[in-house]
Amino acid sequence: MQQILDYKEDTTGERYREFLVWFLRTLGVVFLIAGVIYWRPLIGLVDDPTVAFTALERPEQITLLIFALLMPVTATGLWFGASWGIGLIAMSLIIRLIMAFGFPQHFEPEYVVIGGHVAIIAIYVVLRLMIHRHR
């Protein structure tokens with residue numbers, strides 16, 4: 001009850017900073033898991049031989065390599081709250097857009113993943129604006 005009476009409005013944006021840190025760290029864990037999923041075919045941890053790295057076509061192999069390297073690095077940047085972590089998410093979005101719409105003969109658009117990337121960037125921008133507004 002005493003906490004309710006002692007409530008002061010946050011004018012420094014501290015709660016937004018704290019939420020941003022936890023948001024980025026949660027994303028870091030998600031991107032690390034995604035990185036492990038991308039690494040599975042590379043190191044042979046697949047049950048179906050048709051999805052093994054050597055059985056894939058060249059464009060799929062290149063994509064797999066790019067995301068297998070990009071995801072863990074992105075996860076690290078997000079976990080530490082580095083600005084380049086969110087920059088790598090934007091880079092991942094651009095790569096996915098190029099894949100989906102530049103090479104439709106090789107890749108089907110993954111609308112859920114693309115939408116997720118856009119939502120992550122939008123939430124990040126809103127949080128940054130809220131922090132800046134409360135300075």
# chains A, B, ... in the order shown; residues from 1 in each chain; ligands from 1
$ residues_around --residues "Leu56 of chain A" --least-positions-apart "6" --cutoff "12 Å" --atoms "only C-alpha atoms" --output "PyMOL selection string"
chain A and resi 41-42+48-50+62-65+106
$ residues_around --residues "Pro72 of chain A" --least-positions-apart "6" --cutoff "7 Å" --atoms "only C-alpha atoms" --output "list of chain:residue names"
A:Phe31, A:Leu32, A:Gly35
$ select_by_dssp --residues "segment 18-115 of chain A" --states "helix (DSSP H, G or I)" --output "PyMOL selection string"
chain A and resi 18-43+49-51+53-55+58-79+83-102+111-115
$ closest_residue --among "A:Pro59, A:Val73, A:Val126, A:Leu45" --to "Gln105 of chain A" --atoms "only C-alpha atoms"
A:Pro59
$ residues_around --residues "segment 99-102 of chain A" --least-positions-apart "6" --cutoff "10 Å" --atoms "only C-alpha atoms" --output "list of chain:residue names"
A:Pro59, A:Thr63, A:Leu93, A:Glu108, A:Pro109, A:Glu110, A:Tyr111, A:Ile114
$ write_last_selection --atoms "C-alpha atoms" --output "short mmCIF file (atom, residue, chain, number, x, y, z; two decimals), in the first residue's frame"
data_model
loop_
_atom_site.label_atom_id
_atom_site.label_comp_id
_atom_site.auth_asym_id
_atom_site.auth_seq_id
_atom_site.Cartn_x
_atom_site.Cartn_y
_atom_site.Cartn_z
CA PRO A 59 21.10 -20.38 -53.43
CA THR A 63 21.28 -18.27 -47.59
CA LEU A 93 15.11 -7.82 -43.13
CA GLU A 108 9.12 -18.10 -51.31
CA PRO A 109 8.30 -14.97 -49.30
CA GLU A 110 8.24 -15.70 -45.58
CA TYR A 111 5.65 -13.09 -44.66
CA ILE A 114 9.39 -10.38 -42.63
#
$ closest_residue --among "A:Pro104, A:Phe53, A:Ile95, A:Ala90" --to "Val118 of chain A" --atoms "only C-alpha atoms"
A:Ala90
$ residues_around --residues "segment 16-27 of chain A" --least-positions-apart "3" --cutoff "9 Å" --atoms "only C-alpha atoms" --output "list of chain:residue names"
A:Thr12, A:Gly13, A:Val30, A:Phe31, A:Leu32, A:Ala75, A:Gly77, A:Leu78, A:Trp79, A:Phe80, A:Gly81, A:Gly85, A:Ile86, A:Ile120, A:Tyr124, A:Leu127, A:Arg128, A:Met130, A:Ile131
$ write_last_selection --atoms "N, CA and C atoms" --output "compact mmCIF listing (two decimals), in the first residue's frame"
# COMPACT_ATOMS: atom_id res chain seq x y z
N THR A 12 12.03 10.44 -16.30
CA THR A 12 13.35 10.23 -16.88
C THR A 12 13.35 9.18 -17.98
N GLY A 13 12.26 8.46 -18.15
CA GLY A 13 12.22 7.41 -19.16
C GLY A 13 12.90 6.14 -18.71
N VAL A 30 16.01 -15.26 -28.69
CA VAL A 30 15.27 -15.77 -29.86
C VAL A 30 16.20 -15.89 -31.06
N PHE A 31 17.02 -14.88 -31.29
CA PHE A 31 17.92 -14.93 -32.45
C PHE A 31 19.03 -15.96 -32.25
N LEU A 32 19.44 -16.21 -31.02
CA LEU A 32 20.41 -17.27 -30.77
C LEU A 32 19.81 -18.64 -31.09
N ALA A 75 22.33 -11.90 -32.18
CA ALA A 75 21.94 -12.24 -30.81
C ALA A 75 22.91 -11.62 -29.81
N GLY A 77 24.81 -8.92 -30.23
CA GLY A 77 24.59 -7.47 -30.22
C GLY A 77 23.34 -7.07 -29.47
N LEU A 78 22.27 -7.85 -29.64
CA LEU A 78 21.03 -7.56 -28.94
C LEU A 78 21.18 -7.78 -27.43
N TRP A 79 21.85 -8.85 -27.05
CA TRP A 79 22.01 -9.15 -25.63
C TRP A 79 22.78 -8.03 -24.92
N PHE A 80 23.80 -7.51 -25.58
CA PHE A 80 24.59 -6.44 -24.97
C PHE A 80 23.99 -5.06 -25.17
N GLY A 81 22.89 -4.99 -25.91
CA GLY A 81 22.22 -3.71 -26.12
C GLY A 81 22.96 -2.80 -27.08
N GLY A 85 23.24 -4.35 -33.07
CA GLY A 85 22.36 -5.52 -33.00
C GLY A 85 21.07 -5.27 -33.75
N ILE A 86 20.46 -4.12 -33.51
CA ILE A 86 19.23 -3.78 -34.22
C ILE A 86 19.54 -3.49 -35.69
N ILE A 120 9.64 -5.79 -34.93
CA ILE A 120 10.75 -5.60 -34.00
C ILE A 120 11.35 -4.22 -34.18
N TYR A 124 11.25 -1.12 -31.48
CA TYR A 124 12.52 -0.51 -31.08
C TYR A 124 12.47 1.01 -31.28
N LEU A 127 10.18 2.65 -28.67
CA LEU A 127 10.83 2.71 -27.36
C LEU A 127 11.91 3.78 -27.32
N ARG A 128 12.71 3.85 -28.38
CA ARG A 128 13.75 4.88 -28.43
C ARG A 128 13.15 6.28 -28.41
N MET A 130 10.27 7.12 -27.05
CA MET A 130 9.73 7.34 -25.72
C MET A 130 10.87 7.69 -24.74
N ILE A 131 11.99 7.03 -24.86
CA ILE A 131 13.14 7.36 -24.01
C ILE A 131 13.61 8.77 -24.29
$ atom_distance --atom1 "atom CA of Thr74 of chain A" --atom2 "atom CA of Leu88 of chain A"
5.8 Å
